[in-house]
Number of protein chains: 2
Amino acid sequence: MPARAGKRPGRRPGETQTRQAILSAARTRFAEQGYEGATVRAIARDADVDPALVLHFFGSKRVLFTAATSWPFETGEALEKIVAGPRSQLGQRLARFFLSIWDDPQRREPIMGMLRAGTTDPHAAELLRDTLMNLLLGPVASRLDESDAELRVSLCSAHLIGFGIARYILHFEPLASLDGERAVELIGPALQRYLAGRL
Amino acid sequence: MPARAGKRPGRRPGETQTRQAILSAARTRFAEQGYEGATVRAIARDADVDPALVLHFFGSKRVLFTAATSWPFETGEALEKIVAGPRSQLGQRLARFFLSIWDDPQRREPIMGMLRAGTTDPHAAELLRDTLMNLLLGPVASRLDESDAELRVSLCSAHLIGFGIARYILHFEPLASLDGERAVELIGPALQRYLAGRL
């Protein structure tokens, strides 16, 4: 039987709001406490629902984590922003793209949540790796036309992850209070070499 | 009253072994699960002691964490290895020094534990920052004779942290299975620019 237009089958009114409340609470908890630290019980309490309801909707903490930590940008659009323009500025555009997301607390939160969770949970690490590589850096690599594109994008990922953690989670100074465009100037050349330089 | 020579006051026989067992269990748990994930209860179970004894010895989880995650090298010696030699190879020596520690699982563990814990716990983040900056990169910076030495070492820290997480925790390929000396070749120039290049 085809699904009725304009209405998802099997969802009662109010269910969508409840799911959204749970996802929002989960996003905050995962971002603040990482995968291990954020309990289903605490997420349920924040969302003002019974823990059983969280599991009824999402099945497990892992599935909830995957649903809550979605990438805060549309990857096709992101890719265009990064690859369009002179090849000599590729690293700078990649740096600027990440800085533009990270300097916006709303969009930073899911990525930092993924990073926090990825360092303590193998499932979250896999998710982070797949998301970063398949959705964003992989397509950038495929435009590079280099035989060692995987190595190049994994070096960029490593540098970007470290910069994100040092600036936004560990608050290393003066990195943490650096102007965004200055940060682009500083890390852009390293990313440029990793993407398109001699290795 | 002066302490008796050869014996620490207030420690019963067997106490040292118990402390060591607790520290060893804590090190492993913190490394594997991060600060939040590693509970005093689980650490006590691994060390085969009562959780109350852990708190009796260390007072709190924070103190236990600080005691368990000590730096796995002697910093004066490390500093000499890094700064001795031509300035043009400084980044390469810094990379080689970290790789030599990280490629040894025994010595890697406490640092990875600090990184994992630092991403979820502000106290651990502070400890990681202070240790990295004050004990190692700060002294390197002071030999640089650059007015922006703090910025330079924080950029190096960021890159090294990201490389460590990507290679040893997230297992990004091909970074994770890269030969150590090849890794030094790859990241050395970025560290060199951060330490001594034009920014």
# chains A, B, ... in the order shown; residues from 1 in each chain; ligands from 1
>>> select_by_dssp(residues="range 42-142 of chain B", states="alpha helix (DSSP H)", output="number ranges by chain")
B: 42-47, 51-58, 61-68, 75-83, 90-102, 105-120, 122-130, 138-142
>>> write_last_selection(atoms="C-alpha atoms", output="mmCIF file, in the first residue's frame")
data_model
loop_
_atom_site.group_PDB
_atom_site.id
_atom_site.type_symbol
_atom_site.label_atom_id
_atom_site.label_comp_id
_atom_site.auth_asym_id
_atom_site.auth_seq_id
_atom_site.Cartn_x
_atom_site.Cartn_y
_atom_site.Cartn_z
ATOM 1 C CA ALA B 42 34.949 0.107 37.106
ATOM 2 C CA ILE B 43 38.525 1.126 37.923
ATOM 3 C CA ALA B 44 38.167 -0.348 41.414
ATOM 4 C CA ARG B 45 36.793 -3.569 39.944
ATOM 5 C CA ASP B 46 39.708 -3.843 37.497
ATOM 6 C CA ALA B 47 42.183 -3.254 40.343
ATOM 7 C CA PRO B 51 35.685 1.747 45.302
ATOM 8 C CA ALA B 52 35.941 3.367 48.767
ATOM 9 C CA LEU B 53 39.638 2.503 48.829
ATOM 10 C CA VAL B 54 40.195 4.319 45.527
ATOM 11 C CA LEU B 55 38.666 7.444 47.024
ATOM 12 C CA HIS B 56 40.563 6.926 50.277
ATOM 13 C CA PHE B 57 43.859 6.933 48.358
ATOM 14 C CA PHE B 58 43.138 9.601 45.755
ATOM 15 C CA LYS B 61 38.248 10.995 40.332
ATOM 16 C CA ARG B 62 39.994 14.193 39.222
ATOM 17 C CA VAL B 63 43.010 13.575 41.429
ATOM 18 C CA LEU B 64 43.129 9.956 40.301
ATOM 19 C CA PHE B 65 43.033 11.088 36.688
ATOM 20 C CA THR B 66 45.909 13.526 37.210
ATOM 21 C CA ALA B 67 47.978 10.857 38.949
ATOM 22 C CA ALA B 68 47.248 8.216 36.304
ATOM 23 C CA THR B 75 60.798 16.596 29.434
ATOM 24 C CA GLY B 76 64.343 17.967 29.763
ATOM 25 C CA GLU B 77 65.668 15.136 27.668
ATOM 26 C CA ALA B 78 62.823 15.474 25.186
ATOM 27 C CA LEU B 79 63.537 19.164 24.827
ATOM 28 C CA GLU B 80 67.197 18.544 24.043
ATOM 29 C CA LYS B 81 66.286 16.021 21.353
ATOM 30 C CA ILE B 82 63.982 18.511 19.714
ATOM 31 C CA VAL B 83 66.004 21.716 19.885
ATOM 32 C CA LEU B 90 63.045 21.670 13.926
ATOM 33 C CA GLY B 91 59.597 20.617 12.687
ATOM 34 C CA GLN B 92 60.907 17.270 11.549
ATOM 35 C CA ARG B 93 62.556 16.619 14.935
ATOM 36 C CA LEU B 94 59.353 17.589 16.746
ATOM 37 C CA ALA B 95 57.356 15.214 14.535
ATOM 38 C CA ARG B 96 59.912 12.439 14.993
ATOM 39 C CA PHE B 97 59.887 12.867 18.761
ATOM 40 C CA PHE B 98 56.100 12.490 18.989
ATOM 41 C CA LEU B 99 56.017 9.610 16.515
ATOM 42 C CA SER B 100 58.669 7.759 18.536
ATOM 43 C CA ILE B 101 56.458 7.943 21.624
ATOM 44 C CA TRP B 102 53.160 7.308 19.869
ATOM 45 C CA PRO B 105 51.792 1.405 22.620
ATOM 46 C CA GLN B 106 53.002 1.567 26.241
ATOM 47 C CA ARG B 107 53.983 5.207 25.986
ATOM 48 C CA ARG B 108 51.147 6.153 23.680
ATOM 49 C CA GLU B 109 48.438 5.087 26.090
ATOM 50 C CA PRO B 110 48.697 7.865 28.704
ATOM 51 C CA ILE B 111 48.785 10.568 26.015
ATOM 52 C CA MET B 112 45.798 9.130 24.174
ATOM 53 C CA GLY B 113 44.036 8.882 27.535
ATOM 54 C CA MET B 114 44.683 12.576 28.076
ATOM 55 C CA LEU B 115 43.375 13.421 24.600
ATOM 56 C CA ARG B 116 40.234 11.354 25.056
ATOM 57 C CA ALA B 117 39.581 12.825 28.469
ATOM 58 C CA GLY B 118 40.412 16.366 27.316
ATOM 59 C CA THR B 119 37.639 16.368 24.735
ATOM 60 C CA THR B 120 34.912 15.661 27.280
ATOM 61 C CA PRO B 122 37.222 20.754 31.087
ATOM 62 C CA HIS B 123 39.578 19.802 33.916
ATOM 63 C CA ALA B 124 41.324 17.233 31.729
ATOM 64 C CA ALA B 125 41.462 19.778 28.892
ATOM 65 C CA GLU B 126 43.229 22.226 31.206
ATOM 66 C CA LEU B 127 45.646 19.553 32.350
ATOM 67 C CA LEU B 128 46.440 18.570 28.759
ATOM 68 C CA ARG B 129 46.946 22.191 27.745
ATOM 69 C CA ASP B 130 49.196 22.939 30.710
ATOM 70 C CA GLY B 138 56.668 26.238 25.930
ATOM 71 C CA PRO B 139 60.381 25.478 26.413
ATOM 72 C CA VAL B 140 60.692 24.774 22.673
ATOM 73 C CA ALA B 141 59.052 28.150 22.021
ATOM 74 C CA SER B 142 61.408 29.941 24.389
#
>>> closest_atom_pairs(of="chain A", to="chain B", cutoff="7 Å", atoms="only C-alpha atoms", output="Markdown table")
| residue | atom | partner | partner_atom | distance |
| --- | --- | --- | --- | --- |
| A:Glu32 | CA | B:Thr120 | CA | 6.7 |
| A:Gln33 | CA | B:Thr120 | CA | 5.3 |
| A:Gly34 | CA | B:Thr120 | CA | 5.9 |
| A:Glu36 | CA | B:Gly37 | CA | 5.0 |
| A:Gly37 | CA | B:Glu36 | CA | 5.1 |
| A:Arg116 | CA | B:Thr119 | CA | 5.4 |
| A:Gly118 | CA | B:Leu170 | CA | 6.8 |
| A:Thr119 | CA | B:Arg116 | CA | 5.4 |
| A:Thr120 | CA | B:Gln33 | CA | 5.1 |
| A:Ala125 | CA | B:Leu170 | CA | 5.3 |
| A:Arg129 | CA | B:Phe172 | CA | 6.7 |
| A:Glu150 | CA | B:Pro174 | CA | 7.0 |
| A:Leu151 | CA | B:Pro174 | CA | 5.7 |
| A:Ser154 | CA | B:Phe172 | CA | 6.5 |
| A:Ala158 | CA | B:Gly162 | CA | 4.7 |
| A:His159 | CA | B:His159 | CA | 5.1 |
| A:Ile161 | CA | B:Gly162 | CA | 5.2 |
| A:Gly162 | CA | B:Gly162 | CA | 3.3 |
| A:Phe163 | CA | B:Ala158 | CA | 4.9 |
| A:Ala166 | CA | B:Ala158 | CA | 5.3 |
| A:Ile169 | CA | B:Thr119 | CA | 6.2 |
| A:Leu170 | CA | B:Ala125 | CA | 5.2 |
| A:Phe172 | CA | B:Ser154 | CA | 6.5 |
| A:Glu173 | CA | B:Ser154 | CA | 6.9 |
| A:Pro174 | CA | B:Leu151 | CA | 5.7 |
| A:Leu175 | CA | B:Ser154 | CA | 6.5 |
| A:Leu186 | CA | B:Leu199 | CA | 6.2 |
| A:Ala190 | CA | B:Ala190 | CA | 5.6 |
| A:Leu199 | CA | B:Leu186 | CA | 6.2 |
>>> closest_residue(among="B:Glu181, B:Glu146, B:Asp50, B:Asp104", to="Thr18 in chain B", atoms="only C-alpha atoms")
B:Asp50
>>> calpha_fit_and_write(fixed="chain A", moving="chain B", output="mmCIF file with C-alpha atoms, in the first residue's frame")
data_model
loop_
_atom_site.group_PDB
_atom_site.id
_atom_site.type_symbol
_atom_site.label_atom_id
_atom_site.label_comp_id
_atom_site.auth_asym_id
_atom_site.auth_seq_id
_atom_site.Cartn_x
_atom_site.Cartn_y
_atom_site.Cartn_z
ATOM 1 C CA MET B 1 -0.123 -0.312 0.550
ATOM 2 C CA PRO B 2 1.289 3.048 -0.514
ATOM 3 C CA ALA B 3 1.916 5.670 2.186
ATOM 4 C CA ARG B 4 -0.697 8.410 2.308
ATOM 5 C CA ALA B 5 0.520 11.673 0.829
ATOM 6 C CA GLY B 6 1.408 14.417 3.315
ATOM 7 C CA LYS B 7 1.376 12.137 6.278
ATOM 8 C CA ARG B 8 3.948 9.604 7.367
ATOM 9 C CA PRO B 9 2.294 6.316 8.239
ATOM 10 C CA GLY B 10 2.529 5.128 11.815
ATOM 11 C CA ARG B 11 3.160 8.539 13.392
ATOM 12 C CA ARG B 12 0.642 9.973 15.767
ATOM 13 C CA PRO B 13 0.220 13.746 16.117
ATOM 14 C CA GLY B 14 2.758 15.130 18.570
ATOM 15 C CA GLU B 15 5.203 12.362 17.786
ATOM 16 C CA THR B 16 7.290 14.566 15.527
ATOM 17 C CA GLN B 17 7.668 17.208 18.241
ATOM 18 C CA THR B 18 8.655 14.541 20.751
ATOM 19 C CA ARG B 19 11.258 13.138 18.361
ATOM 20 C CA GLN B 20 12.593 16.638 17.771
ATOM 21 C CA ALA B 21 12.798 17.309 21.507
ATOM 22 C CA ILE B 22 14.704 14.062 22.017
ATOM 23 C CA LEU B 23 17.071 14.801 19.103
ATOM 24 C CA SER B 24 17.740 18.298 20.375
ATOM 25 C CA ALA B 25 18.463 17.052 23.902
ATOM 26 C CA ALA B 26 20.667 14.281 22.493
ATOM 27 C CA ARG B 27 22.632 16.725 20.329
ATOM 28 C CA THR B 28 23.404 18.923 23.313
ATOM 29 C CA ARG B 29 24.307 16.037 25.610
ATOM 30 C CA PHE B 30 26.511 14.288 23.028
ATOM 31 C CA ALA B 31 28.240 17.575 22.225
ATOM 32 C CA GLU B 32 28.916 18.338 25.865
ATOM 33 C CA GLN B 33 29.666 14.924 27.280
ATOM 34 C CA GLY B 34 30.608 12.679 24.381
ATOM 35 C CA TYR B 35 29.103 9.328 23.509
ATOM 36 C CA GLU B 36 29.890 7.546 26.767
ATOM 37 C CA GLY B 37 29.049 10.414 29.075
ATOM 38 C CA ALA B 38 25.635 11.170 27.558
ATOM 39 C CA THR B 39 23.176 8.641 28.970
ATOM 40 C CA VAL B 40 19.775 7.827 27.484
ATOM 41 C CA ARG B 41 18.348 8.568 30.923
ATOM 42 C CA ALA B 42 19.800 12.099 30.985
ATOM 43 C CA ILE B 43 18.700 12.781 27.405
ATOM 44 C CA ALA B 44 15.178 11.609 28.243
ATOM 45 C CA ARG B 45 15.130 13.849 31.310
ATOM 46 C CA ASP B 46 16.245 16.876 29.270
ATOM 47 C CA ALA B 47 13.545 16.145 26.670
ATOM 48 C CA ASP B 48 10.997 15.595 29.436
ATOM 49 C CA VAL B 49 10.050 12.097 28.289
ATOM 50 C CA ASP B 50 10.376 8.587 29.666
ATOM 51 C CA PRO B 51 13.679 6.799 28.782
ATOM 52 C CA ALA B 52 11.571 3.924 27.374
ATOM 53 C CA LEU B 53 10.115 6.325 24.818
ATOM 54 C CA VAL B 54 13.602 7.268 23.607
ATOM 55 C CA LEU B 55 14.340 3.607 22.978
ATOM 56 C CA HIS B 56 10.902 3.083 21.444
ATOM 57 C CA PHE B 57 11.621 5.821 18.890
ATOM 58 C CA PHE B 58 15.295 5.168 18.191
ATOM 59 C CA GLY B 59 15.889 1.552 19.198
ATOM 60 C CA SER B 60 19.331 2.157 20.721
ATOM 61 C CA LYS B 61 21.747 4.822 21.869
ATOM 62 C CA ARG B 62 23.809 4.232 18.722
ATOM 63 C CA VAL B 63 20.890 4.925 16.411
ATOM 64 C CA LEU B 64 19.969 7.990 18.447
ATOM 65 C CA PHE B 65 23.540 9.226 18.184
ATOM 66 C CA THR B 66 23.580 8.790 14.404
ATOM 67 C CA ALA B 67 20.263 10.610 14.065
ATOM 68 C CA ALA B 68 21.307 13.455 16.372
ATOM 69 C CA THR B 69 24.711 14.201 14.924
ATOM 70 C CA SER B 70 23.925 14.928 11.323
ATOM 71 C CA TRP B 71 26.268 17.078 9.279
ATOM 72 C CA PRO B 72 25.314 20.793 9.570
ATOM 73 C CA PHE B 73 25.673 21.656 5.886
ATOM 74 C CA GLU B 74 24.613 20.480 2.467
ATOM 75 C CA THR B 75 27.621 18.670 1.076
ATOM 76 C CA GLY B 76 27.109 19.380 -2.637
ATOM 77 C CA GLU B 77 27.065 23.081 -1.958
ATOM 78 C CA ALA B 78 30.026 22.812 0.394
ATOM 79 C CA LEU B 79 31.988 20.956 -2.244
ATOM 80 C CA GLU B 80 31.362 23.654 -4.838
ATOM 81 C CA LYS B 81 32.549 26.355 -2.446
ATOM 82 C CA ILE B 82 35.755 24.477 -1.822
ATOM 83 C CA VAL B 83 36.695 23.303 -5.305
ATOM 84 C CA ALA B 84 35.572 26.350 -7.306
ATOM 85 C CA GLY B 85 38.457 28.758 -7.823
ATOM 86 C CA PRO B 86 42.207 28.590 -8.367
ATOM 87 C CA ARG B 87 43.903 25.374 -7.312
ATOM 88 C CA SER B 88 46.596 27.383 -5.523
ATOM 89 C CA GLN B 89 43.978 28.562 -2.990
ATOM 90 C CA LEU B 90 42.357 25.178 -2.358
ATOM 91 C CA GLY B 91 43.753 24.820 1.171
ATOM 92 C CA GLN B 92 42.666 28.314 2.075
ATOM 93 C CA ARG B 93 39.116 27.677 0.810
ATOM 94 C CA LEU B 94 38.952 24.405 2.746
ATOM 95 C CA ALA B 95 40.105 26.190 5.908
ATOM 96 C CA ARG B 96 37.663 29.045 5.335
ATOM 97 C CA PHE B 97 34.780 26.639 4.804
ATOM 98 C CA PHE B 98 35.396 24.842 8.110
ATOM 99 C CA LEU B 99 36.009 28.076 10.006
ATOM 100 C CA SER B 100 32.718 29.497 8.704
ATOM 101 C CA ILE B 101 30.847 26.526 10.164
ATOM 102 C CA TRP B 102 32.839 26.259 13.376
ATOM 103 C CA ASP B 103 32.614 29.934 14.235
ATOM 104 C CA ASP B 104 28.813 29.573 14.257
ATOM 105 C CA PRO B 105 27.966 27.892 17.603
ATOM 106 C CA GLN B 106 24.747 26.367 16.220
ATOM 107 C CA ARG B 107 26.529 24.620 13.382
ATOM 108 C CA ARG B 108 29.648 23.859 15.368
ATOM 109 C CA GLU B 109 27.838 21.836 17.998
ATOM 110 C CA PRO B 110 27.012 18.680 16.003
ATOM 111 C CA ILE B 111 30.562 18.461 14.627
ATOM 112 C CA MET B 112 32.140 18.926 18.044
ATOM 113 C CA GLY B 113 29.709 16.312 19.356
ATOM 114 C CA MET B 114 30.949 13.914 16.697
ATOM 115 C CA LEU B 115 34.580 14.649 17.580
ATOM 116 C CA ARG B 116 33.991 14.159 21.290
ATOM 117 C CA ALA B 117 32.090 10.950 20.716
ATOM 118 C CA GLY B 118 34.600 9.696 18.132
ATOM 119 C CA THR B 119 37.455 9.740 20.622
ATOM 120 C CA THR B 120 35.719 7.397 23.052
ATOM 121 C CA ASP B 121 33.439 5.220 20.936
ATOM 122 C CA PRO B 122 34.535 3.092 17.969
ATOM 123 C CA HIS B 123 31.108 3.321 16.337
ATOM 124 C CA ALA B 124 31.161 7.114 16.530
ATOM 125 C CA ALA B 125 34.740 7.107 15.216
ATOM 126 C CA GLU B 126 33.601 5.098 12.193
ATOM 127 C CA LEU B 127 30.681 7.432 11.620
ATOM 128 C CA LEU B 128 32.937 10.492 11.816
ATOM 129 C CA ARG B 129 35.458 8.943 9.442
ATOM 130 C CA ASP B 130 32.802 7.928 6.928
ATOM 131 C CA THR B 131 31.027 11.251 7.053
ATOM 132 C CA LEU B 132 34.163 13.324 6.706
ATOM 133 C CA MET B 133 35.722 11.145 4.023
ATOM 134 C CA ASN B 134 32.718 10.069 1.963
ATOM 135 C CA LEU B 135 30.640 13.194 2.056
ATOM 136 C CA LEU B 136 33.184 15.953 1.887
ATOM 137 C CA LEU B 137 36.860 15.220 1.633
ATOM 138 C CA GLY B 138 36.436 12.227 -0.680
ATOM 139 C CA PRO B 139 34.682 14.332 -3.342
ATOM 140 C CA VAL B 140 37.328 17.049 -2.893
ATOM 141 C CA ALA B 141 39.991 14.371 -3.396
ATOM 142 C CA SER B 142 38.322 13.061 -6.537
ATOM 143 C CA ARG B 143 38.653 16.529 -8.079
ATOM 144 C CA LEU B 144 42.342 16.619 -7.223
ATOM 145 C CA ASP B 145 43.332 14.016 -9.762
ATOM 146 C CA GLU B 146 46.194 12.783 -7.594
ATOM 147 C CA SER B 147 47.032 9.102 -7.155
ATOM 148 C CA ASP B 148 47.536 9.564 -3.398
ATOM 149 C CA ALA B 149 44.310 11.513 -2.874
ATOM 150 C CA GLU B 150 43.275 9.385 0.129
ATOM 151 C CA LEU B 151 46.500 10.143 1.943
ATOM 152 C CA ARG B 152 46.085 13.826 1.134
ATOM 153 C CA VAL B 153 42.561 14.106 2.467
ATOM 154 C CA SER B 154 43.359 12.069 5.562
ATOM 155 C CA LEU B 155 46.179 14.507 6.372
ATOM 156 C CA CYS B 156 43.758 17.411 5.922
ATOM 157 C CA SER B 157 41.192 15.709 8.132
ATOM 158 C CA ALA B 158 43.802 15.130 10.814
ATOM 159 C CA HIS B 159 44.890 18.755 10.775
ATOM 160 C CA LEU B 160 41.336 20.123 10.725
ATOM 161 C CA ILE B 161 40.248 17.813 13.551
ATOM 162 C CA GLY B 162 43.194 18.910 15.671
ATOM 163 C CA PHE B 163 42.553 22.562 14.943
ATOM 164 C CA GLY B 164 38.859 22.198 15.801
ATOM 165 C CA ILE B 165 39.584 20.407 19.066
ATOM 166 C CA ALA B 166 42.353 22.830 20.091
ATOM 167 C CA ARG B 167 40.345 25.959 19.281
ATOM 168 C CA TYR B 168 36.815 25.049 20.330
ATOM 169 C CA ILE B 169 37.100 22.228 22.875
ATOM 170 C CA LEU B 170 40.472 22.569 24.606
ATOM 171 C CA HIS B 171 40.515 26.370 24.188
ATOM 172 C CA PHE B 172 44.238 26.618 23.531
ATOM 173 C CA GLU B 173 45.311 30.251 23.469
ATOM 174 C CA PRO B 174 45.915 32.239 21.378
ATOM 175 C CA LEU B 175 44.217 29.834 18.904
ATOM 176 C CA ALA B 176 40.866 30.028 20.643
ATOM 177 C CA SER B 177 40.512 33.792 20.339
ATOM 178 C CA LEU B 178 42.089 34.136 16.909
ATOM 179 C CA ASP B 179 40.103 35.984 14.266
ATOM 180 C CA GLY B 180 38.629 33.515 11.739
ATOM 181 C CA GLU B 181 40.338 35.003 8.696
ATOM 182 C CA ARG B 182 43.704 35.021 10.509
ATOM 183 C CA ALA B 183 43.174 31.334 11.299
ATOM 184 C CA VAL B 184 42.549 30.671 7.597
ATOM 185 C CA GLU B 185 45.838 32.431 6.784
ATOM 186 C CA LEU B 186 47.673 30.323 9.326
ATOM 187 C CA ILE B 187 46.411 26.832 8.517
ATOM 188 C CA GLY B 188 45.548 27.337 4.831
ATOM 189 C CA PRO B 189 49.119 26.776 3.570
ATOM 190 C CA ALA B 190 49.475 23.493 5.487
ATOM 191 C CA LEU B 191 46.188 22.236 3.988
ATOM 192 C CA GLN B 192 47.274 23.468 0.570
ATOM 193 C CA ARG B 193 50.476 21.437 0.744
ATOM 194 C CA TYR B 194 48.563 18.359 1.884
ATOM 195 C CA LEU B 195 46.019 18.720 -0.933
ATOM 196 C CA ALA B 196 48.118 19.800 -3.863
ATOM 197 C CA GLY B 197 51.777 20.119 -2.871
ATOM 198 C CA ARG B 198 54.732 17.764 -3.078
ATOM 199 C CA LEU B 199 54.548 15.167 -0.301
#
>>> decode(residues="range 124-197 of chain B", atoms="C-alpha atoms", output="PDB file, in the first residue's frame")
ATOM      1  CA  ALA B 124      41.324  17.233  31.729  1.00  0.00           C
ATOM      2  CA  ALA B 125      41.462  19.778  28.892  1.00  0.00           C
ATOM      3  CA  GLU B 126      43.229  22.226  31.206  1.00  0.00           C
ATOM      4  CA  LEU B 127      45.646  19.553  32.350  1.00  0.00           C
ATOM      5  CA  LEU B 128      46.440  18.570  28.759  1.00  0.00           C
ATOM      6  CA  ARG B 129      46.946  22.191  27.745  1.00  0.00           C
ATOM      7  CA  ASP B 130      49.196  22.939  30.710  1.00  0.00           C
ATOM      8  CA  THR B 131      51.240  19.799  30.298  1.00  0.00           C
ATOM      9  CA  LEU B 132      51.751  20.211  26.580  1.00  0.00           C
ATOM     10  CA  MET B 133      52.444  23.936  26.739  1.00  0.00           C
ATOM     11  CA  ASN B 134      54.381  24.294  29.986  1.00  0.00           C
ATOM     12  CA  LEU B 135      56.430  21.149  29.938  1.00  0.00           C
ATOM     13  CA  LEU B 136      57.297  20.714  26.308  1.00  0.00           C
ATOM     14  CA  LEU B 137      56.171  23.185  23.712  1.00  0.00           C
ATOM     15  CA  GLY B 138      56.668  26.238  25.930  1.00  0.00           C
ATOM     16  CA  PRO B 139      60.381  25.478  26.413  1.00  0.00           C
ATOM     17  CA  VAL B 140      60.692  24.774  22.673  1.00  0.00           C
ATOM     18  CA  ALA B 141      59.052  28.150  22.021  1.00  0.00           C
ATOM     19  CA  SER B 142      61.408  29.941  24.389  1.00  0.00           C
ATOM     20  CA  ARG B 143      64.343  28.704  22.298  1.00  0.00           C
ATOM     21  CA  LEU B 144      62.717  30.016  19.139  1.00  0.00           C
ATOM     22  CA  ASP B 145      63.226  33.651  19.992  1.00  0.00           C
ATOM     23  CA  GLU B 146      60.070  34.675  18.147  1.00  0.00           C
ATOM     24  CA  SER B 147      57.627  37.261  19.485  1.00  0.00           C
ATOM     25  CA  ASP B 148      54.643  35.093  18.502  1.00  0.00           C
ATOM     26  CA  ALA B 149      56.045  31.899  20.024  1.00  0.00           C
ATOM     27  CA  GLU B 150      52.772  31.081  21.823  1.00  0.00           C
ATOM     28  CA  LEU B 151      50.818  31.181  18.592  1.00  0.00           C
ATOM     29  CA  ARG B 152      53.454  29.015  16.934  1.00  0.00           C
ATOM     30  CA  VAL B 153      53.426  26.309  19.571  1.00  0.00           C
ATOM     31  CA  SER B 154      49.643  26.300  19.803  1.00  0.00           C
ATOM     32  CA  LEU B 155      49.470  25.662  16.045  1.00  0.00           C
ATOM     33  CA  CYS B 156      51.944  22.797  16.448  1.00  0.00           C
ATOM     34  CA  SER B 157      49.941  21.376  19.335  1.00  0.00           C
ATOM     35  CA  ALA B 158      46.759  21.554  17.289  1.00  0.00           C
ATOM     36  CA  HIS B 159      48.340  19.747  14.363  1.00  0.00           C
ATOM     37  CA  LEU B 160      50.005  17.093  16.527  1.00  0.00           C
ATOM     38  CA  ILE B 161      46.800  16.467  18.487  1.00  0.00           C
ATOM     39  CA  GLY B 162      44.840  16.032  15.271  1.00  0.00           C
ATOM     40  CA  PHE B 163      47.454  13.728  13.811  1.00  0.00           C
ATOM     41  CA  GLY B 164      47.533  11.626  16.988  1.00  0.00           C
ATOM     42  CA  ILE B 165      43.754  11.323  17.126  1.00  0.00           C
ATOM     43  CA  ALA B 166      43.411  10.549  13.402  1.00  0.00           C
ATOM     44  CA  ARG B 167      46.186   7.945  13.368  1.00  0.00           C
ATOM     45  CA  TYR B 168      45.791   6.176  16.701  1.00  0.00           C
ATOM     46  CA  ILE B 169      42.197   6.734  17.839  1.00  0.00           C
ATOM     47  CA  LEU B 170      40.063   7.228  14.728  1.00  0.00           C
ATOM     48  CA  HIS B 171      42.318   4.994  12.595  1.00  0.00           C
ATOM     49  CA  PHE B 172      42.006   7.073   9.442  1.00  0.00           C
ATOM     50  CA  GLU B 173      43.613   5.266   6.526  1.00  0.00           C
ATOM     51  CA  PRO B 174      46.178   5.445   5.085  1.00  0.00           C
ATOM     52  CA  LEU B 175      47.440   7.564   8.036  1.00  0.00           C
ATOM     53  CA  ALA B 176      46.989   4.772  10.545  1.00  0.00           C
ATOM     54  CA  SER B 177      49.236   2.299   8.751  1.00  0.00           C
ATOM     55  CA  LEU B 178      51.815   4.800   7.541  1.00  0.00           C
ATOM     56  CA  ASP B 179      55.442   4.081   8.357  1.00  0.00           C
ATOM     57  CA  GLY B 180      56.656   6.384  11.163  1.00  0.00           C
ATOM     58  CA  GLU B 181      59.461   7.983   9.172  1.00  0.00           C
ATOM     59  CA  ARG B 182      57.097   8.640   6.239  1.00  0.00           C
ATOM     60  CA  ALA B 183      54.722  10.345   8.678  1.00  0.00           C
ATOM     61  CA  VAL B 184      57.593  12.554   9.870  1.00  0.00           C
ATOM     62  CA  GLU B 185      58.288  13.510   6.239  1.00  0.00           C
ATOM     63  CA  LEU B 186      54.652  14.381   5.702  1.00  0.00           C
ATOM     64  CA  ILE B 187      53.882  16.490   8.765  1.00  0.00           C
ATOM     65  CA  GLY B 188      57.392  17.805   9.496  1.00  0.00           C
ATOM     66  CA  PRO B 189      57.207  20.677   6.972  1.00  0.00           C
ATOM     67  CA  ALA B 190      53.879  21.927   8.363  1.00  0.00           C
ATOM     68  CA  LEU B 191      55.336  21.945  11.899  1.00  0.00           C
ATOM     69  CA  GLN B 192      58.483  23.611  10.594  1.00  0.00           C
ATOM     70  CA  ARG B 193      56.473  26.453   9.081  1.00  0.00           C
ATOM     71  CA  TYR B 194      54.481  26.866  12.289  1.00  0.00           C
ATOM     72  CA  LEU B 195      57.646  26.939  14.415  1.00  0.00           C
ATOM     73  CA  ALA B 196      60.050  28.939  12.320  1.00  0.00           C
ATOM     74  CA  GLY B 197      58.435  30.009   9.045  1.00  0.00           C
TER      75      GLY B 197
END
